[in-house]
$ cat coords.csv   # CSV, C-alpha atoms
chain,number,residue,atom,x,y,z
E,12,ALA,CA,-9.0,44.1,-49.7
E,13,LEU,CA,-11.8,43.9,-47.2
E,14,LEU,CA,-13.0,40.7,-48.7
E,15,ASN,CA,-9.5,39.1,-48.5
E,16,THR,CA,-9.2,40.2,-44.8
E,17,HIS,CA,-12.6,38.7,-44.0
E,18,MET,CA,-11.6,35.4,-45.7
E,19,HIS,CA,-8.4,35.1,-43.7
E,20,MET,CA,-10.1,35.7,-40.4
E,21,ARG,CA,-12.8,33.1,-41.2
E,22,GLY,CA,-10.1,30.6,-42.1
E,23,GLY,CA,-8.2,31.2,-38.9
E,24,SER,CA,-11.3,30.7,-36.8
E,25,LEU,CA,-12.0,27.4,-38.5
E,26,LEU,CA,-8.5,26.3,-37.9
E,27,LEU,CA,-8.7,27.1,-34.1
E,28,LEU,CA,-12.0,25.3,-33.9
E,29,SER,CA,-10.7,22.2,-35.5
E,30,VAL,CA,-7.6,22.1,-33.2
E,31,GLY,CA,-9.7,22.5,-30.0
E,32,THR,CA,-12.1,19.8,-31.1
E,33,ALA,CA,-9.1,17.4,-31.7
E,34,ALA,CA,-7.7,18.3,-28.3
E,35,LEU,CA,-10.9,17.5,-26.5
E,36,ARG,CA,-11.0,14.1,-28.2
E,37,LEU,CA,-7.5,13.0,-27.1
E,38,PRO,CA,-7.2,10.6,-24.1
E,39,PRO,CA,-5.5,11.9,-20.9
E,40,PRO,CA,-1.8,11.3,-20.5
E,41,ALA,CA,-0.7,8.2,-18.6
E,42,ALA,CA,1.2,10.4,-16.0
E,43,CYS,CA,-2.1,12.2,-15.0
E,44,ALA,CA,-4.2,9.0,-14.8
E,45,ARG,CA,-5.0,8.0,-11.2
E,46,PRO,CA,-4.8,4.2,-10.9
E,47,THR,CA,-7.4,2.4,-8.9
E,48,LEU,CA,-7.1,-0.9,-7.0
E,49,ALA,CA,-7.8,-2.8,-10.2
E,50,SER,CA,-5.8,-0.5,-12.3
E,51,PRO,CA,-3.6,-2.1,-15.0
E,52,VAL,CA,-0.8,0.1,-13.9
E,53,ARG,CA,-0.7,-1.8,-10.5
E,54,ALA,CA,-1.1,-5.1,-12.2
E,55,ALA,CA,1.7,-4.4,-14.5
E,56,ASN,CA,4.0,-3.3,-11.7
E,57,PRO,CA,4.0,-6.0,-8.9
E,58,ALA,CA,6.5,-4.1,-6.8
E,59,LEU,CA,3.7,-1.7,-5.8
E,60,SER,CA,1.6,-4.5,-4.2
E,61,ALA,CA,4.4,-6.7,-2.8
E,62,PRO,CA,4.9,-4.9,0.5
E,63,ARG,CA,1.2,-4.9,1.3
E,64,ALA,CA,0.9,-8.6,0.4
E,65,ALA,CA,3.8,-9.4,2.7
E,66,ALA,CA,2.3,-7.4,5.5
E,67,ALA,CA,-1.0,-9.3,5.0
E,68,ARG,CA,0.9,-12.6,5.2
E,69,ARG,CA,2.6,-11.6,8.4
E,70,THR,CA,-0.7,-10.7,10.1
E,71,THR,CA,-2.7,-13.7,8.9
E,72,THR,CA,-0.1,-16.5,9.1
E,73,PRO,CA,0.6,-17.6,12.7
E,74,VAL,CA,4.2,-17.9,13.7
E,75,LEU,CA,5.0,-21.1,15.5
E,76,ALA,CA,8.0,-20.9,17.8
E,77,ALA,CA,10.1,-24.0,17.7
E,78,THR,CA,10.6,-25.4,21.2
E,79,ALA,CA,13.3,-27.9,22.0
E,80,PRO,CA,12.0,-31.2,23.6
E,81,PRO,CA,12.7,-31.5,27.3
E,82,THR,CA,15.9,-33.4,28.3
E,83,PRO,CA,16.1,-35.8,31.2
E,84,LEU,CA,18.1,-33.1,33.1
E,85,THR,CA,15.5,-30.4,32.6
E,86,GLN,CA,12.7,-32.9,33.5
E,87,LEU,CA,14.5,-33.8,36.8
E,88,ALA,CA,15.0,-30.1,37.7
E,89,SER,CA,11.3,-29.4,37.0
E,90,ARG,CA,10.3,-32.3,39.3
E,91,LEU,CA,12.6,-31.2,42.1
E,92,TRP,CA,11.3,-27.6,41.8
E,93,SER,CA,7.6,-28.5,41.8
E,94,TRP,CA,7.6,-31.2,44.4
E,95,GLY,CA,10.0,-29.4,46.7
E,96,TRP,CA,7.7,-26.4,46.9
E,97,LEU,CA,4.5,-28.5,47.2
E,98,ASN,CA,6.1,-30.4,50.1
E,99,TRP,CA,7.2,-27.1,51.7
E,100,TRP,CA,3.6,-25.8,51.9
E,101,VAL,CA,1.8,-29.1,52.7
E,102,GLN,CA,4.2,-30.5,55.2
E,103,GLY,CA,5.1,-27.1,56.7
E,104,ALA,CA,1.4,-26.3,57.2
E,105,LEU,CA,0.7,-29.6,58.9
E,106,SER,CA,3.7,-29.3,61.1
E,107,VAL,CA,2.9,-25.7,62.2
E,108,VAL,CA,-0.7,-26.7,63.1
E,109,GLY,CA,0.6,-29.6,65.1
E,110,ALA,CA,3.2,-27.5,66.9
E,111,VAL,CA,0.6,-24.8,67.8
E,112,LEU,CA,-1.8,-27.4,69.2
E,113,LEU,CA,0.9,-29.1,71.3
E,114,LEU,CA,2.2,-25.8,72.7
E,115,PHE,CA,-1.3,-24.6,73.5
E,116,ALA,CA,-2.1,-27.9,75.3
E,117,ASN,CA,1.1,-27.8,77.3
E,118,SER,CA,0.6,-24.2,78.3
E,119,VAL,CA,-2.9,-24.5,79.7
E,120,SER,CA,-2.8,-28.0,81.1
E,121,SER,CA,-2.7,-28.6,84.9
E,122,ALA,CA,0.6,-29.0,86.7
E,123,SER,CA,-0.2,-32.6,87.7
E,124,VAL,CA,0.5,-34.7,84.6
E,125,SER,CA,1.0,-38.4,84.7
E,126,ALA,CA,4.2,-40.0,83.5
E,127,PRO,CA,2.6,-41.7,80.4
E,128,ALA,CA,0.9,-38.5,79.4
E,129,LEU,CA,4.2,-36.6,79.8
E,130,ALA,CA,6.1,-39.2,77.8
E,131,GLY,CA,3.5,-39.0,75.1
E,132,ARG,CA,3.7,-35.2,74.9
E,133,ALA,CA,7.5,-35.3,74.8
E,134,LEU,CA,7.5,-37.8,71.9
E,135,ALA,CA,4.9,-35.8,70.0
E,136,LEU,CA,7.1,-32.7,70.3
E,137,ALA,CA,10.1,-34.6,69.2
E,138,ALA,CA,8.2,-36.0,66.2
E,139,CYS,CA,7.0,-32.4,65.3
E,140,ALA,CA,10.6,-31.2,65.5
E,141,THR,CA,11.7,-34.0,63.2
E,142,SER,CA,8.9,-33.0,60.8
E,143,PHE,CA,10.2,-29.4,60.7
E,144,ALA,CA,13.7,-30.6,60.0
E,145,SER,CA,12.4,-32.8,57.2
E,146,THR,CA,10.4,-29.8,55.8
E,147,PHE,CA,13.5,-27.6,55.6
E,148,TRP,CA,15.7,-30.3,54.3
E,149,GLN,CA,13.3,-31.1,51.5
E,150,TRP,CA,13.0,-27.5,50.6
E,151,GLY,CA,16.6,-27.9,49.6
E,152,TYR,CA,15.4,-29.8,46.6
E,153,THR,CA,14.2,-26.5,45.1
E,154,ARG,CA,17.7,-25.1,45.6
E,155,LEU,CA,19.2,-28.1,43.7
E,156,ALA,CA,16.8,-27.4,40.9
E,157,VAL,CA,17.9,-23.7,40.8
E,158,ARG,CA,21.6,-24.8,40.6
E,159,ILE,CA,20.8,-27.2,37.7
E,160,ARG,CA,18.9,-24.6,35.8
E,161,ARG,CA,21.4,-21.8,36.4
E,162,ARG,CA,24.3,-23.7,34.9
E,163,PRO,CA,23.1,-26.7,33.0
E,164,GLU,CA,26.4,-27.1,31.2
E,165,ARG,CA,28.1,-28.2,34.5
E,166,TRP,CA,25.5,-30.9,35.0
E,167,THR,CA,24.7,-34.2,33.3
E,168,ALA,CA,21.6,-36.3,33.9
E,169,ALA,CA,23.6,-38.9,35.8
E,170,SER,CA,25.4,-36.4,38.1
E,171,ALA,CA,22.1,-34.6,38.9
E,172,ALA,CA,20.4,-37.9,39.6
E,173,SER,CA,23.2,-38.9,41.9
E,174,ASN,CA,23.0,-35.6,43.9
E,175,ALA,CA,19.2,-35.9,44.1
E,176,ALA,CA,19.4,-39.5,45.3
E,177,ARG,CA,21.7,-38.5,48.2
E,178,ALA,CA,19.5,-35.7,49.3
E,179,LEU,CA,16.4,-37.9,49.0
E,180,TYR,CA,18.0,-40.6,51.2
E,181,VAL,CA,18.4,-38.1,54.0
E,182,GLY,CA,14.8,-36.8,53.5
E,183,THR,CA,13.4,-40.3,53.5
E,184,ALA,CA,15.3,-41.1,56.7
E,185,LEU,CA,14.0,-38.0,58.5
E,186,ASN,CA,10.4,-38.7,57.6
E,187,LEU,CA,10.7,-42.3,58.7
E,188,VAL,CA,12.2,-41.3,62.0
E,189,GLY,CA,9.4,-38.7,62.5
E,190,ILE,CA,6.7,-41.2,61.7
E,191,GLY,CA,8.2,-43.8,64.1
E,192,ILE,CA,8.5,-41.3,67.0
E,193,ALA,CA,5.0,-40.0,66.4
E,194,ILE,CA,3.6,-43.6,66.4
E,195,VAL,CA,5.3,-44.4,69.7
E,196,GLY,CA,4.0,-41.1,71.1
E,197,ALA,CA,0.5,-42.0,69.9
E,198,GLU,CA,0.7,-45.3,71.8
E,199,ALA,CA,1.6,-43.5,75.0
E,200,ILE,CA,-1.1,-40.8,74.5
E,201,VAL,CA,-3.9,-43.2,73.6
E,202,GLY,CA,-3.0,-45.6,76.4
E,203,ASN,CA,-3.2,-42.7,78.9
E,204,LEU,CA,-6.6,-41.7,77.5
E,205,ALA,CA,-7.8,-45.3,77.6
E,206,ALA,CA,-6.8,-45.5,81.3
E,207,LYS,CA,-8.6,-42.2,82.0
E,208,ALA,CA,-11.7,-43.4,80.2
E,209,LEU,CA,-11.8,-46.6,82.2
E,210,THR,CA,-11.3,-45.0,85.6
E,211,GLN,CA,-13.2,-41.7,85.3
E,212,GLY,CA,-16.5,-43.4,86.2
E,213,SER,CA,-15.3,-44.0,89.7
E,214,ALA,CA,-13.3,-40.8,90.1
E,215,VAL,CA,-14.7,-38.2,92.5
E,216,VAL,CA,-13.9,-34.6,91.6
E,217,LEU,CA,-13.5,-32.5,94.8
E,218,ASP,CA,-12.1,-29.0,94.4
E,219,GLY,CA,-10.4,-30.1,91.1
E,220,ARG,CA,-8.0,-32.6,92.8
E,221,ALA,CA,-9.2,-35.5,90.7
E,222,ALA,CA,-9.7,-33.6,87.5
E,223,ALA,CA,-6.5,-35.0,86.0
E,224,ALA,CA,-8.1,-38.5,86.2
E,225,THR,CA,-10.8,-37.6,83.7
E,226,VAL,CA,-10.6,-37.2,79.9
E,227,GLN,CA,-10.3,-33.5,78.9
E,228,ALA,CA,-10.5,-31.6,75.7
E,229,LEU,CA,-6.8,-30.9,75.8
E,230,ASP,CA,-6.0,-34.6,75.6
E,231,VAL,CA,-8.0,-34.7,72.3
E,232,LEU,CA,-6.0,-31.7,71.0
E,233,ILE,CA,-2.8,-33.6,71.7
E,234,VAL,CA,-4.1,-36.6,69.7
E,235,GLN,CA,-5.0,-34.2,66.9
E,236,ALA,CA,-1.5,-32.6,67.0
E,237,ASN,CA,0.2,-35.9,66.9
E,238,THR,CA,-2.0,-37.0,64.0
E,239,ASN,CA,-1.0,-33.9,62.0
E,240,THR,CA,2.6,-34.7,62.6
E,241,ILE,CA,2.1,-38.2,61.2
E,242,ALA,CA,0.3,-36.8,58.2
E,243,ALA,CA,3.1,-34.3,57.6
E,244,CYS,CA,5.9,-36.9,57.7
E,245,PHE,CA,3.8,-39.2,55.5
E,246,PHE,CA,3.5,-36.5,52.8
E,247,GLY,CA,7.2,-35.9,53.1
E,248,LEU,CA,7.8,-39.6,52.5
E,249,LEU,CA,5.5,-39.5,49.5
E,250,THR,CA,7.5,-36.6,48.1
E,251,SER,CA,10.8,-38.4,48.5
E,252,MET,CA,9.4,-41.5,46.8
E,253,ARG,CA,8.1,-39.5,43.9
E,254,LEU,CA,11.4,-37.7,43.4
E,255,LYS,CA,13.3,-41.0,43.7
E,256,LEU,CA,11.3,-42.3,40.8
E,257,ALA,CA,12.2,-39.1,38.8
E,258,ALA,CA,15.9,-39.5,39.6
E,259,ALA,CA,15.9,-43.1,38.6
E,260,THR,CA,14.2,-42.2,35.3
E,261,ALA,CA,16.8,-39.5,34.6
E,262,GLU,CA,19.6,-41.9,35.4
E,263,ARG,CA,18.2,-44.6,33.0
E,264,ALA,CA,17.8,-42.0,30.3
E,265,ALA,CA,21.4,-41.0,30.7
E,266,GLU,CA,22.6,-44.5,30.4
E,267,ALA,CA,20.6,-45.2,27.3

$ encode --input "coords.csv" --output "structure tokens"
Amino acid sequence: ALLNTHMHMRGGSLLLLSVGTAALRLPPPAACARPTLASPVRAANPALSAPRAAAARRTTTPVLAATAPPTPLTQLASRLWSWGWLNWWVQGALSVVGAVLLLFANSVSSASVSAPALAGRALALAACATSFASTFWQWGYTRLAVRIRRRPERWTAASAASNAARALYVGTALNLVGIGIAIVGAEAIVGNLAAKALTQGSAVVLDGRAAAATVQALDVLIVQANTNTIAACFFGLLTSMRLKLAAATAERAAEA
């Protein structure tokens, strides 16, 4: 009996040892395996890598926004906006400098002013006022551009060009009038200075009574102020001519 019991225990031990050895030799189950980046599980299942690949494409591929080509209407509005503001600053600055110089010269000059000098100063002031009027009128080109951009469906290239042409006609007329007045004023001012320069050699200054007969620094300031006015009106005229070309281009494009 003891021998039989010993044989059974030895057989059970050998059976357990064989089962354990077979279990150690078995590969791990697929559910417990941890796939790597090059794992056949990821390669067999493309849905796992699709979102990451799509994200990579979004970050590496540039997105080009499709922009519509400019129309003749938008081009005209852009020209009115840019040139209107450019004229506002350039012509406005020149007109302000000219007005300041004229007012300063009139405020500190002597009471005895000859008739040609007075006429020249009056014409220079009138030309400066015309330049201011032209500056404010041509600033209206920017307002026309705003109206076109705000409601483009109410405008066509032909109607916008027609409205711009009417406004440009008035702006051109104002600048031409300003240049004409300033030129006539310059004739009077320079003529008065020439007369002073020719006669100041024989003028005798006693107690300041003959000081008005000599060329003074204020006379040069008046010439400078009148020159600024001519330059301001010339730039306004240049703006009107450029915008007339833009309006004509838009009108031809509308007819084509």

$ closest_residue --input "coords.csv" --among "E:Ala126, E:Ala175, E:Val157, E:Ala116" --to "E:Ala261" --atoms "all atoms listed in the file"
E:Ala175

$ atom_distance --input "coords.csv" --atom1 "atom CA of E:Trp100" --atom2 "atom CA of E:Ser118"
26.6 Å

$ atom_distance --input "coords.csv" --atom1 "atom CA of E:Trp148" --atom2 "atom CA of E:Thr250"
12.1 Å

$ atom_distance --input "coords.csv" --atom1 "atom CA of E:Trp150" --atom2 "atom CA of E:Gln86"
17.9 Å

$ residues_around --input "coords.csv" --residues "stretch 131-134 of chain E" --least-positions-apart "2" --cutoff "9 Å" --atoms "all atoms listed in the file" --output "MDAnalysis selection string"
chainID E and resid 113 117 126:129 136:139 192:201 203 233 237
